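Scroll down for the structure; my scribbles are underneath it.
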Amino acid sequence: MSLHNIRLEVMKTMEKRIDSFLEEYLIPVEKIWQPTDFLPNSQGDNFFEEVRQLRGEAKELGYDFWVVLVGDTITEEALPTYESWLMDVEGVDQHANNGWAKWVKQWSSEENRHGDVLNKYLYLAGRVNMKEIEKTTQHLIADGFDAGTDRDPYKNFVYTSFQELATNISHKRVGQLAKKSGSKMLSKMCNVIAGDEMRHHLAYREFVKIILEYDPNEMLIAFAQMMKQKIVMPAQFVREAGEPIGSAFENFSNAAQRLGVYTALDYVDILERLNQYWEIDKLRELNDQGEKSRDYLMKLPERLRRISTRIATPVDQHIFKWVEPNGVL
């Protein structure tokens, strides 16, 4: 049986459990939070007072903070790209609406709320240039996305396991910074988004763990291949209007590094946590490629940690079109 057919067989086998995955890791629409739960009530008598309070709290947040929050929002708003990418993975049949297609669509519907609530918050806060942000979001969706996974479900599940935990860390720390500055409403939003991301991370890492039971060699090889080419962030192609593709990503990442929202060491820690959860050190009876991949993955965290300690984060702030230098438009 070819590698392609083996992967499809594994996906079909796992698909038999899709309803239990949906029940354990996703939440029905009627029960899950919605953006309006955390935003000023536009139908209420106190709407304008609540907006004034929100805007007052927002004045305490610094420049790098706004850059990171805008970057996080744009990343979340580019959801149509991520759904279309996952719907094209081998084993996901959107035409027959198989179990995996059902998973992707329901996962997407949960993720969609994140960009929605953050976008509305940015609009009401009045501290950023919404039109420039909207242009960037449209560019990011139009420019597309390449996670380096092709249509391989094994590589895609490695990517989503890693990325969902990275976004959990980022949103959680933004929430902590917001709370410190007194922005209680924003802190609650970020924390509840972080909770969603963790739940989704738990699902995708479980998918990989199950695949390791059925096809350990190829799963390890796919994992190693993803780490060799590096896990790219969803916003890697982000750009401001009139600028080349990807030109804004490094400056956005530098702002996140300066704030300690997401750092090179976090990247290493995520890899280490995945290695430990998937217990790759305990996998036995592997073929040569499987063993080489396992050994590479076990040694990689320490190697990356040494490299990350030598990386200096630029201290100079890049001036984005999204945010004025003094934070006031």
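Lettering and numbering for the structure tokens are positional, with chains as A, B, ... in the shown order, residues counted from 1 in each chain, and ligands counted from 1 in the shown order.
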Would you list the contacts of segment 107-109 of chain A as a short mmCIF file (atom, residue, chain, number, x, y, z; two decimals) with N, CA, C and O atoms, in the first residue's frame, taking every protein, DNA or RNA residue within 10 Å and counting only C-alpha atoms, but skipping same-chain residues closer than 3 positions in sequence?
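Printed below is result-v1.cif as written:
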```cif
data_model
loop_
_atom_site.label_atom_id
_atom_site.label_comp_id
_atom_site.auth_asym_id
_atom_site.auth_seq_id
_atom_site.Cartn_x
_atom_site.Cartn_y
_atom_site.Cartn_z
N LEU A 22 -15.83 15.75 18.29
CA LEU A 22 -16.66 16.97 18.27
C LEU A 22 -17.25 17.24 19.65
O LEU A 22 -17.27 18.38 20.13
N TYR A 25 -14.15 18.19 22.20
CA TYR A 25 -13.27 19.33 21.98
C TYR A 25 -13.94 20.58 21.41
O TYR A 25 -13.33 21.65 21.38
N LEU A 26 -15.18 20.46 20.94
CA LEU A 26 -15.90 21.63 20.44
C LEU A 26 -17.17 21.82 21.26
O LEU A 26 -17.65 20.89 21.91
N ILE A 27 -17.72 23.04 21.21
CA ILE A 27 -18.88 23.37 22.03
C ILE A 27 -20.02 23.82 21.13
O ILE A 27 -19.82 24.61 20.20
N VAL A 29 -23.13 25.73 19.44
CA VAL A 29 -23.36 27.17 19.28
C VAL A 29 -24.21 27.72 20.41
O VAL A 29 -23.99 28.84 20.91
N LEU A 79 -9.32 33.99 8.83
CA LEU A 79 -9.83 32.62 8.97
C LEU A 79 -10.28 31.96 7.67
O LEU A 79 -10.07 30.77 7.48
N PRO A 80 -10.92 32.70 6.74
CA PRO A 80 -11.34 32.02 5.50
C PRO A 80 -10.19 31.28 4.81
O PRO A 80 -10.40 30.21 4.22
N TYR A 82 -7.60 29.83 6.29
CA TYR A 82 -7.25 28.62 7.04
C TYR A 82 -8.28 27.52 6.82
O TYR A 82 -7.93 26.34 6.72
N GLU A 83 -9.55 27.91 6.74
CA GLU A 83 -10.58 26.88 6.51
C GLU A 83 -10.41 26.27 5.13
O GLU A 83 -10.48 25.05 4.97
N SER A 84 -10.19 27.10 4.11
CA SER A 84 -10.06 26.57 2.76
C SER A 84 -8.84 25.67 2.65
O SER A 84 -8.85 24.68 1.91
N LEU A 86 -7.50 23.80 5.18
CA LEU A 86 -7.78 22.53 5.85
C LEU A 86 -8.79 21.68 5.09
O LEU A 86 -8.74 20.44 5.15
N ALA A 101 -14.65 16.86 7.26
CA ALA A 101 -15.17 18.14 6.77
C ALA A 101 -16.06 18.78 7.83
O ALA A 101 -16.04 20.00 8.05
N LYS A 102 -16.82 17.96 8.51
CA LYS A 102 -17.69 18.43 9.59
C LYS A 102 -16.84 19.04 10.72
O LYS A 102 -17.16 20.10 11.26
N TRP A 103 -15.72 18.36 11.03
CA TRP A 103 -14.82 18.88 12.06
C TRP A 103 -14.26 20.25 11.67
O TRP A 103 -14.30 21.19 12.45
N VAL A 104 -13.74 20.34 10.44
CA VAL A 104 -13.10 21.58 9.99
C VAL A 104 -14.10 22.74 10.03
O VAL A 104 -13.76 23.85 10.48
N ASN A 112 -13.88 31.68 14.25
CA ASN A 112 -14.35 32.92 13.63
C ASN A 112 -14.71 33.99 14.65
O ASN A 112 -14.59 35.19 14.39
N ARG A 113 -15.15 33.56 15.83
CA ARG A 113 -15.58 34.51 16.86
C ARG A 113 -14.42 35.34 17.40
O ARG A 113 -14.61 36.44 17.90
N HIS A 114 -13.19 34.79 17.29
CA HIS A 114 -12.04 35.49 17.86
C HIS A 114 -11.75 36.81 17.15
O HIS A 114 -11.60 37.85 17.78
N ASP A 196 -10.28 28.86 24.18
CA ASP A 196 -10.67 28.16 22.95
C ASP A 196 -9.45 27.55 22.26
O ASP A 196 -9.47 26.40 21.81
N HIS A 200 -8.67 23.59 21.34
CA HIS A 200 -8.39 23.14 19.98
C HIS A 200 -7.02 22.47 19.90
O HIS A 200 -6.84 21.46 19.19
#
```
Selection near Ile280 of chain A, 10 Å with only C-alpha atoms, sequence-local residues under 2 positions removed, as a PDB file with all heavy atoms, in the first residue's frame:
```pdb
ATOM      1  N   LYS A 209      -1.397  11.868  18.349  1.00  0.00           N
ATOM      2  CA  LYS A 209      -1.124  10.735  19.241  1.00  0.00           C
ATOM      3  C   LYS A 209      -1.775   9.458  18.721  1.00  0.00           C
ATOM      4  O   LYS A 209      -1.183   8.366  18.777  1.00  0.00           O
ATOM      5  CB  LYS A 209      -1.638  11.046  20.651  1.00  0.00           C
ATOM      6  CG  LYS A 209      -1.232  10.008  21.681  1.00  0.00           C
ATOM      7  CD  LYS A 209      -1.630  10.440  23.081  1.00  0.00           C
ATOM      8  CE  LYS A 209      -1.116   9.430  24.108  1.00  0.00           C
ATOM      9  NZ  LYS A 209      -1.496   9.845  25.492  1.00  0.00           N
ATOM     10  N   LEU A 212       0.126   8.117  15.742  1.00  0.00           N
ATOM     11  CA  LEU A 212       1.357   7.436  16.163  1.00  0.00           C
ATOM     12  C   LEU A 212       1.107   5.976  16.527  1.00  0.00           C
ATOM     13  O   LEU A 212       2.005   5.141  16.413  1.00  0.00           O
ATOM     14  CB  LEU A 212       1.979   8.166  17.362  1.00  0.00           C
ATOM     15  CG  LEU A 212       2.742   9.455  17.031  1.00  0.00           C
ATOM     16  CD1 LEU A 212       3.028  10.254  18.297  1.00  0.00           C
ATOM     17  CD2 LEU A 212       4.035   9.152  16.283  1.00  0.00           C
ATOM     18  N   PRO A 216       3.448   4.954  13.236  1.00  0.00           N
ATOM     19  CA  PRO A 216       4.453   5.741  13.958  1.00  0.00           C
ATOM     20  C   PRO A 216       5.611   6.247  13.105  1.00  0.00           C
ATOM     21  O   PRO A 216       6.048   7.392  13.271  1.00  0.00           O
ATOM     22  CB  PRO A 216       4.943   4.771  15.042  1.00  0.00           C
ATOM     23  CG  PRO A 216       4.611   3.407  14.528  1.00  0.00           C
ATOM     24  CD  PRO A 216       3.348   3.578  13.748  1.00  0.00           C
ATOM     25  N   LEU A 220       6.286  10.249  12.622  1.00  0.00           N
ATOM     26  CA  LEU A 220       7.538  10.840  13.105  1.00  0.00           C
ATOM     27  C   LEU A 220       8.292  11.549  11.982  1.00  0.00           C
ATOM     28  O   LEU A 220       8.848  12.626  12.175  1.00  0.00           O
ATOM     29  CB  LEU A 220       8.432   9.761  13.713  1.00  0.00           C
ATOM     30  CG  LEU A 220       8.102   9.318  15.134  1.00  0.00           C
ATOM     31  CD1 LEU A 220       8.990   8.147  15.536  1.00  0.00           C
ATOM     32  CD2 LEU A 220       8.264  10.466  16.122  1.00  0.00           C
ATOM     33  N   LEU A 274       5.256  18.982  23.113  1.00  0.00           N
ATOM     34  CA  LEU A 274       4.698  18.015  22.165  1.00  0.00           C
ATOM     35  C   LEU A 274       5.490  16.712  22.196  1.00  0.00           C
ATOM     36  O   LEU A 274       4.907  15.616  22.177  1.00  0.00           O
ATOM     37  CB  LEU A 274       4.692  18.611  20.750  1.00  0.00           C
ATOM     38  CG  LEU A 274       3.722  19.772  20.532  1.00  0.00           C
ATOM     39  CD1 LEU A 274       3.896  20.354  19.128  1.00  0.00           C
ATOM     40  CD2 LEU A 274       2.276  19.344  20.740  1.00  0.00           C
ATOM     41  N   ASN A 275       6.806  16.820  22.238  1.00  0.00           N
ATOM     42  CA  ASN A 275       7.637  15.615  22.344  1.00  0.00           C
ATOM     43  C   ASN A 275       7.245  14.785  23.558  1.00  0.00           C
ATOM     44  O   ASN A 275       7.139  13.551  23.492  1.00  0.00           O
ATOM     45  CB  ASN A 275       9.118  15.998  22.462  1.00  0.00           C
ATOM     46  CG  ASN A 275       9.761  16.328  21.128  1.00  0.00           C
ATOM     47  OD1 ASN A 275       9.180  16.114  20.074  1.00  0.00           O
ATOM     48  ND2 ASN A 275      10.972  16.872  21.173  1.00  0.00           N
ATOM     49  N   GLN A 276       7.037  15.476  24.665  1.00  0.00           N
ATOM     50  CA  GLN A 276       6.713  14.780  25.912  1.00  0.00           C
ATOM     51  C   GLN A 276       5.331  14.153  25.862  1.00  0.00           C
ATOM     52  O   GLN A 276       5.138  12.999  26.272  1.00  0.00           O
ATOM     53  CB  GLN A 276       6.814  15.755  27.089  1.00  0.00           C
ATOM     54  CG  GLN A 276       8.234  16.176  27.406  1.00  0.00           C
ATOM     55  CD  GLN A 276       8.299  17.334  28.393  1.00  0.00           C
ATOM     56  OE1 GLN A 276       7.269  17.853  28.843  1.00  0.00           O
ATOM     57  NE2 GLN A 276       9.508  17.761  28.731  1.00  0.00           N
ATOM     58  N   TYR A 277       4.339  14.907  25.343  1.00  0.00           N
ATOM     59  CA  TYR A 277       2.975  14.362  25.317  1.00  0.00           C
ATOM     60  C   TYR A 277       2.875  13.168  24.377  1.00  0.00           C
ATOM     61  O   TYR A 277       2.211  12.178  24.682  1.00  0.00           O
ATOM     62  CB  TYR A 277       1.963  15.430  24.888  1.00  0.00           C
ATOM     63  CG  TYR A 277       0.553  14.894  24.938  1.00  0.00           C
ATOM     64  CD1 TYR A 277      -0.103  14.739  26.154  1.00  0.00           C
ATOM     65  CD2 TYR A 277      -0.103  14.501  23.777  1.00  0.00           C
ATOM     66  CE1 TYR A 277      -1.379  14.206  26.224  1.00  0.00           C
ATOM     67  CE2 TYR A 277      -1.381  13.964  23.828  1.00  0.00           C
ATOM     68  CZ  TYR A 277      -2.015  13.821  25.057  1.00  0.00           C
ATOM     69  OH  TYR A 277      -3.280  13.266  25.119  1.00  0.00           O
ATOM     70  N   TRP A 278       3.536  13.273  23.239  1.00  0.00           N
ATOM     71  CA  TRP A 278       3.487  12.171  22.272  1.00  0.00           C
ATOM     72  C   TRP A 278       4.448  11.038  22.635  1.00  0.00           C
ATOM     73  O   TRP A 278       4.444  10.009  21.966  1.00  0.00           O
ATOM     74  CB  TRP A 278       3.784  12.711  20.867  1.00  0.00           C
ATOM     75  CG  TRP A 278       2.691  13.614  20.357  1.00  0.00           C
ATOM     76  CD1 TRP A 278       1.366  13.555  20.666  1.00  0.00           C
ATOM     77  CD2 TRP A 278       2.833  14.714  19.443  1.00  0.00           C
ATOM     78  NE1 TRP A 278       0.667  14.534  20.014  1.00  0.00           N
ATOM     79  CE2 TRP A 278       1.539  15.267  19.250  1.00  0.00           C
ATOM     80  CE3 TRP A 278       3.910  15.277  18.764  1.00  0.00           C
ATOM     81  CZ2 TRP A 278       1.303  16.354  18.405  1.00  0.00           C
ATOM     82  CZ3 TRP A 278       3.688  16.371  17.935  1.00  0.00           C
ATOM     83  CH2 TRP A 278       2.407  16.900  17.753  1.00  0.00           C
ATOM     84  N   LYS A 282       9.685   6.993  23.799  1.00  0.00           N
ATOM     85  CA  LYS A 282       9.310   5.627  24.154  1.00  0.00           C
ATOM     86  C   LYS A 282       8.916   4.771  22.950  1.00  0.00           C
ATOM     87  O   LYS A 282       8.625   3.584  23.102  1.00  0.00           O
ATOM     88  CB  LYS A 282       8.151   5.654  25.159  1.00  0.00           C
ATOM     89  CG  LYS A 282       8.515   6.310  26.485  1.00  0.00           C
ATOM     90  CD  LYS A 282       7.332   6.328  27.435  1.00  0.00           C
ATOM     91  CE  LYS A 282       7.695   7.025  28.746  1.00  0.00           C
ATOM     92  NZ  LYS A 282       6.536   7.084  29.665  1.00  0.00           N
ATOM     93  N   LEU A 283       8.898   5.377  21.767  1.00  0.00           N
ATOM     94  CA  LEU A 283       8.497   4.627  20.574  1.00  0.00           C
ATOM     95  C   LEU A 283       9.593   3.631  20.193  1.00  0.00           C
ATOM     96  O   LEU A 283      10.764   3.986  20.109  1.00  0.00           O
ATOM     97  CB  LEU A 283       8.220   5.586  19.411  1.00  0.00           C
ATOM     98  CG  LEU A 283       7.001   6.500  19.590  1.00  0.00           C
ATOM     99  CD1 LEU A 283       6.926   7.506  18.458  1.00  0.00           C
ATOM    100  CD2 LEU A 283       5.716   5.682  19.653  1.00  0.00           C
ATOM    101  N   ARG A 284       9.205   2.409  19.982  1.00  0.00           N
ATOM    102  CA  ARG A 284      10.153   1.341  19.655  1.00  0.00           C
ATOM    103  C   ARG A 284       9.742   0.637  18.359  1.00  0.00           C
ATOM    104  O   ARG A 284       8.675   0.901  17.806  1.00  0.00           O
ATOM    105  CB  ARG A 284      10.227   0.326  20.801  1.00  0.00           C
ATOM    106  CG  ARG A 284      10.722   0.906  22.121  1.00  0.00           C
ATOM    107  CD  ARG A 284      12.206   1.311  22.035  1.00  0.00           C
ATOM    108  NE  ARG A 284      12.717   1.842  23.293  1.00  0.00           N
ATOM    109  CZ  ARG A 284      12.735   3.124  23.601  1.00  0.00           C
ATOM    110  NH1 ARG A 284      12.270   4.024  22.741  1.00  0.00           N
ATOM    111  NH2 ARG A 284      13.215   3.529  24.763  1.00  0.00           N
ATOM    112  N   GLU A 291      13.536   6.053  13.313  1.00  0.00           N
ATOM    113  CA  GLU A 291      14.497   6.247  14.399  1.00  0.00           C
ATOM    114  C   GLU A 291      15.276   7.553  14.236  1.00  0.00           C
ATOM    115  O   GLU A 291      15.492   8.295  15.200  1.00  0.00           O
ATOM    116  CB  GLU A 291      15.465   5.060  14.462  1.00  0.00           C
ATOM    117  CG  GLU A 291      14.856   3.799  15.044  1.00  0.00           C
ATOM    118  CD  GLU A 291      15.890   2.701  15.213  1.00  0.00           C
ATOM    119  OE1 GLU A 291      17.062   2.924  14.833  1.00  0.00           O
ATOM    120  OE2 GLU A 291      15.525   1.640  15.737  1.00  0.00           O
ATOM    121  N   SER A 293      14.304  10.206  12.672  1.00  0.00           N
ATOM    122  CA  SER A 293      13.385  11.315  12.933  1.00  0.00           C
ATOM    123  C   SER A 293      13.175  11.499  14.427  1.00  0.00           C
ATOM    124  O   SER A 293      13.195  12.621  14.944  1.00  0.00           O
ATOM    125  CB  SER A 293      12.038  11.066  12.243  1.00  0.00           C
ATOM    126  OG  SER A 293      12.195  11.034  10.848  1.00  0.00           O
ATOM    127  N   ARG A 294      12.969  10.377  15.141  1.00  0.00           N
ATOM    128  CA  ARG A 294      12.784  10.457  16.602  1.00  0.00           C
ATOM    129  C   ARG A 294      14.009  11.074  17.269  1.00  0.00           C
ATOM    130  O   ARG A 294      13.891  11.969  18.117  1.00  0.00           O
ATOM    131  CB  ARG A 294      12.529   9.063  17.161  1.00  0.00           C
ATOM    132  CG  ARG A 294      12.356   9.025  18.691  1.00  0.00           C
ATOM    133  CD  ARG A 294      12.519   7.615  19.225  1.00  0.00           C
ATOM    134  NE  ARG A 294      13.851   7.099  18.911  1.00  0.00           N
ATOM    135  CZ  ARG A 294      14.164   5.798  18.898  1.00  0.00           C
ATOM    136  NH1 ARG A 294      13.232   4.893  19.165  1.00  0.00           N
ATOM    137  NH2 ARG A 294      15.387   5.403  18.622  1.00  0.00           N
ATOM    138  N   ASP A 295      15.203  10.602  16.895  1.00  0.00           N
ATOM    139  CA  ASP A 295      16.435  11.117  17.509  1.00  0.00           C
ATOM    140  C   ASP A 295      16.623  12.608  17.220  1.00  0.00           C
ATOM    141  O   ASP A 295      17.039  13.374  18.088  1.00  0.00           O
ATOM    142  CB  ASP A 295      17.650  10.326  17.004  1.00  0.00           C
ATOM    143  CG  ASP A 295      17.623   8.868  17.462  1.00  0.00           C
ATOM    144  OD1 ASP A 295      16.839   8.562  18.389  1.00  0.00           O
ATOM    145  OD2 ASP A 295      18.359   8.043  16.894  1.00  0.00           O
ATOM    146  N   LEU A 297      14.247  14.815  16.653  1.00  0.00           N
ATOM    147  CA  LEU A 297      13.252  15.567  17.416  1.00  0.00           C
ATOM    148  C   LEU A 297      13.611  15.642  18.892  1.00  0.00           C
ATOM    149  O   LEU A 297      13.343  16.655  19.549  1.00  0.00           O
ATOM    150  CB  LEU A 297      11.866  14.924  17.238  1.00  0.00           C
ATOM    151  CG  LEU A 297      11.260  15.067  15.844  1.00  0.00           C
ATOM    152  CD1 LEU A 297      10.115  14.075  15.650  1.00  0.00           C
ATOM    153  CD2 LEU A 297      10.774  16.502  15.618  1.00  0.00           C
ATOM    154  N   MET A 298      14.223  14.604  19.413  1.00  0.00           N
ATOM    155  CA  MET A 298      14.605  14.606  20.823  1.00  0.00           C
ATOM    156  C   MET A 298      15.750  15.576  21.097  1.00  0.00           C
ATOM    157  O   MET A 298      15.811  16.199  22.161  1.00  0.00           O
ATOM    158  CB  MET A 298      15.007  13.191  21.262  1.00  0.00           C
ATOM    159  CG  MET A 298      13.851  12.201  21.332  1.00  0.00           C
ATOM    160  SD  MET A 298      12.519  12.723  22.435  1.00  0.00           S
ATOM    161  CE  MET A 298      13.399  12.820  23.995  1.00  0.00           C
TER     162      MET A 298
END
```
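Pairwise distance (atom CA of Ala166 of chain A, atom CA of Asp266 of chain A) equals 7.7 Å.
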Quick one: residues within 7 Å of Lys188 of chain A, only C-alpha atoms, excluding same-chain residues fewer than 4 positions away - as a JSON list (two decimals) with all heavy atoms, in the first residue's frame?
```json
[["chain", "number", "residue", "atom", "x", "y", "z"],
["A", 175, "GLY", "N", -3.78, 39.14, 27.38],
["A", 175, "GLY", "CA", -4.80, 39.33, 28.41],
["A", 175, "GLY", "C", -4.20, 39.73, 29.75],
["A", 175, "GLY", "O", -4.75, 40.57, 30.46],
["A", 184, "LYS", "N", -9.99, 45.65, 31.92],
["A", 184, "LYS", "CA", -10.64, 44.41, 32.35],
["A", 184, "LYS", "C", -11.42, 43.74, 31.23],
["A", 184, "LYS", "O", -11.41, 42.52, 31.08],
["A", 184, "LYS", "CB", -11.57, 44.70, 33.53],
["A", 184, "LYS", "CG", -10.84, 45.21, 34.77],
["A", 184, "LYS", "CD", -11.82, 45.54, 35.88],
["A", 184, "LYS", "CE", -11.09, 46.11, 37.09],
["A", 184, "LYS", "NZ", -12.05, 46.50, 38.17],
["A", 192, "VAL", "N", -10.65, 34.34, 27.28],
["A", 192, "VAL", "CA", -11.62, 33.37, 26.78],
["A", 192, "VAL", "C", -11.21, 32.86, 25.40],
["A", 192, "VAL", "O", -11.42, 31.69, 25.06],
["A", 192, "VAL", "CB", -13.05, 33.98, 26.77],
["A", 192, "VAL", "CG1", -13.26, 34.94, 25.61],
["A", 192, "VAL", "CG2", -14.11, 32.89, 26.73]]
```
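Among the candidates A:Thr75, A:Val67, A:Lys292, A:Ala58, the residue lying nearest to Asn251 of chain A is A:Val67 (atoms considered: only C-alpha atoms).
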Which value, in Å to one decimal, gives the distance between atom CA of Asn5 of chain A and atom CA of Tyr154 of chain A? 12.8 Å
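Going from atom CA of Gly260 of chain A to atom CA of Leu304 of chain A covers 17.8 Å.
Of the residues under consideration (A:Val128, A:Ala248, A:Leu265, A:Met14), A:Leu265 shows the shortest atom-to-atom contact distance to Ile169 of chain A when counting only C-alpha atoms.
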Hey, which of A:Glu272, A:Glu15, A:Asp215, A:Asp150 ends up closest to Leu286 of chain A? Count only C-alpha atoms. A:Asp215
Distance query Arg258 of chain A at most 10 Å, only C-alpha atoms, self and fewer than 6 positions along chain excluded, as a short mmCIF file (atom, residue, chain, number, x, y, z; two decimals) with N, CA, C and O atoms, in the first residue's frame:
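Listed below is the output, out-v6.cif:
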```
data_model
loop_
_atom_site.label_atom_id
_atom_site.label_comp_id
_atom_site.auth_asym_id
_atom_site.auth_seq_id
_atom_site.Cartn_x
_atom_site.Cartn_y
_atom_site.Cartn_z
N ASP A 64 3.65 49.11 21.48
CA ASP A 64 3.90 47.71 21.10
C ASP A 64 2.69 46.84 21.38
O ASP A 64 2.39 45.90 20.65
N PHE A 65 1.99 47.17 22.47
CA PHE A 65 0.79 46.40 22.80
C PHE A 65 -0.23 46.48 21.68
O PHE A 65 -0.79 45.46 21.27
N THR A 313 16.65 40.82 20.22
CA THR A 313 15.44 41.44 19.69
C THR A 313 15.67 42.94 19.47
O THR A 313 16.13 43.62 20.39
N PRO A 314 15.40 43.45 18.28
CA PRO A 314 15.57 44.89 18.03
C PRO A 314 14.77 45.73 19.02
O PRO A 314 13.62 45.42 19.32
N VAL A 315 15.39 46.77 19.53
CA VAL A 315 14.71 47.61 20.51
C VAL A 315 13.93 48.75 19.86
O VAL A 315 13.02 49.32 20.47
N ASP A 316 14.28 49.08 18.62
CA ASP A 316 13.60 50.18 17.93
C ASP A 316 12.23 49.74 17.44
O ASP A 316 12.08 48.67 16.82
N GLN A 317 11.23 50.56 17.69
CA GLN A 317 9.87 50.26 17.25
C GLN A 317 9.69 50.66 15.79
O GLN A 317 10.09 51.74 15.38
#
```
Ranking A:Lys105, A:His171, A:Lys120, A:Lys321 by minimum distance to Ile133 of chain A and counting only C-alpha atoms, which one comes first? A:Lys321
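Between Phe320 of chain A and the candidates A:Gly71, A:Gly195, A:Gly148, A:Pro244, the tightest atom-to-atom separation, counting only C-alpha atoms, involves A:Gly71.
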Residue list (alpha helix (DSSP H), DSSP) for segment 80-299 of chain A, as number ranges by chain: A: 80-86, 99-125, 130-143, 153-180, 184-214, 216-229, 249-259, 264-277, 288-299
Counting only C-alpha atoms, what is within 9 Å of Pro40 of chain A, bar same-chain residues fewer than 4 positions away, as an mmCIF file with all heavy atoms, in the first residue's frame?
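Saved result, result-v2.cif, follows:
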```
data_model
loop_
_atom_site.group_PDB
_atom_site.id
_atom_site.type_symbol
_atom_site.label_atom_id
_atom_site.label_comp_id
_atom_site.auth_asym_id
_atom_site.auth_seq_id
_atom_site.Cartn_x
_atom_site.Cartn_y
_atom_site.Cartn_z
ATOM 1 N N THR A 36 -20.704 39.408 21.669
ATOM 2 C CA THR A 36 -21.530 40.382 22.391
ATOM 3 C C THR A 36 -21.527 40.150 23.901
ATOM 4 O O THR A 36 -21.885 41.049 24.663
ATOM 5 C CB THR A 36 -22.985 40.345 21.875
ATOM 6 O OG1 THR A 36 -23.438 38.981 21.836
ATOM 7 C CG2 THR A 36 -23.093 40.965 20.499
ATOM 8 N N GLY A 44 -28.433 48.514 25.036
ATOM 9 C CA GLY A 44 -28.669 48.927 26.419
ATOM 10 C C GLY A 44 -28.582 50.429 26.618
ATOM 11 O O GLY A 44 -27.949 51.151 25.840
ATOM 12 N N ASN A 46 -26.922 51.906 28.840
ATOM 13 C CA ASN A 46 -25.589 52.290 29.317
ATOM 14 C C ASN A 46 -24.506 52.106 28.253
ATOM 15 O O ASN A 46 -23.319 52.126 28.576
ATOM 16 C CB ASN A 46 -25.214 51.463 30.558
ATOM 17 C CG ASN A 46 -26.125 51.735 31.727
ATOM 18 O OD1 ASN A 46 -26.581 52.863 31.928
ATOM 19 N ND2 ASN A 46 -26.416 50.698 32.498
ATOM 20 N N PHE A 47 -24.914 51.936 27.004
ATOM 21 C CA PHE A 47 -23.942 51.644 25.938
ATOM 22 C C PHE A 47 -22.836 52.690 25.855
ATOM 23 O O PHE A 47 -21.654 52.370 25.865
ATOM 24 C CB PHE A 47 -24.661 51.528 24.591
ATOM 25 C CG PHE A 47 -23.729 51.363 23.414
ATOM 26 C CD1 PHE A 47 -22.951 50.210 23.276
ATOM 27 C CD2 PHE A 47 -23.605 52.359 22.453
ATOM 28 C CE1 PHE A 47 -22.089 50.056 22.197
ATOM 29 C CE2 PHE A 47 -22.746 52.216 21.377
ATOM 30 C CZ PHE A 47 -21.984 51.061 21.248
ATOM 31 N N PHE A 48 -23.219 53.955 25.780
ATOM 32 C CA PHE A 48 -22.217 55.007 25.602
ATOM 33 C C PHE A 48 -21.306 55.136 26.828
ATOM 34 O O PHE A 48 -20.113 55.403 26.702
ATOM 35 C CB PHE A 48 -22.888 56.344 25.280
ATOM 36 C CG PHE A 48 -23.575 56.348 23.942
ATOM 37 C CD1 PHE A 48 -24.959 56.291 23.840
ATOM 38 C CD2 PHE A 48 -22.818 56.375 22.767
ATOM 39 C CE1 PHE A 48 -25.573 56.274 22.600
ATOM 40 C CE2 PHE A 48 -23.436 56.365 21.525
ATOM 41 C CZ PHE A 48 -24.821 56.311 21.433
ATOM 42 N N GLU A 49 -21.862 54.892 27.988
ATOM 43 C CA GLU A 49 -21.055 54.925 29.207
ATOM 44 C C GLU A 49 -20.045 53.769 29.195
ATOM 45 O O GLU A 49 -18.877 53.940 29.575
ATOM 46 C CB GLU A 49 -21.965 54.815 30.429
ATOM 47 C CG GLU A 49 -21.212 54.888 31.753
ATOM 48 C CD GLU A 49 -22.145 54.763 32.948
ATOM 49 O OE1 GLU A 49 -23.340 55.106 32.817
ATOM 50 O OE2 GLU A 49 -21.675 54.308 33.999
ATOM 51 N N GLU A 50 -20.490 52.604 28.748
ATOM 52 C CA GLU A 50 -19.599 51.443 28.675
ATOM 53 C C GLU A 50 -18.492 51.665 27.643
ATOM 54 O O GLU A 50 -17.338 51.273 27.853
ATOM 55 C CB GLU A 50 -20.399 50.184 28.316
ATOM 56 C CG GLU A 50 -21.333 49.722 29.424
ATOM 57 C CD GLU A 50 -22.256 48.591 28.974
ATOM 58 O OE1 GLU A 50 -22.143 48.158 27.808
ATOM 59 O OE2 GLU A 50 -23.089 48.144 29.785
ATOM 60 N N VAL A 51 -18.828 52.295 26.530
ATOM 61 C CA VAL A 51 -17.819 52.600 25.507
ATOM 62 C C VAL A 51 -16.807 53.597 26.051
ATOM 63 O O VAL A 51 -15.595 53.454 25.824
ATOM 64 C CB VAL A 51 -18.480 53.136 24.220
ATOM 65 C CG1 VAL A 51 -17.414 53.650 23.251
ATOM 66 C CG2 VAL A 51 -19.302 52.056 23.551
ATOM 67 N N LEU A 54 -14.464 51.756 28.235
ATOM 68 C CA LEU A 54 -13.553 50.962 27.400
ATOM 69 C C LEU A 54 -12.448 51.855 26.824
ATOM 70 O O LEU A 54 -11.259 51.513 26.862
ATOM 71 C CB LEU A 54 -14.350 50.284 26.287
ATOM 72 C CG LEU A 54 -13.647 49.357 25.298
ATOM 73 C CD1 LEU A 54 -14.656 48.393 24.677
ATOM 74 C CD2 LEU A 54 -12.946 50.130 24.159
#
```
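Proximity to Glu206 of chain A was assessed for A:Ala224, A:Val158, A:Val232, A:Met185 counting only C-alpha atoms; the smallest distance is recorded for A:Val158.
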Spatial neighbours of Lys12 of chain A, max dist 9 Å, only C-alpha atoms, sep filter under 4 positions, as a VMD selection string: chain A and resid 7 to 8 16 91 99 to 100
Would you list the contacts of Val261 of chain A as a VMD selection string, taking every protein, DNA or RNA residue within 8 Å and counting only C-alpha atoms, but skipping same-chain residues closer than 4 positions in sequence? chain A and resid 169 to 171 173 to 174 256 to 257
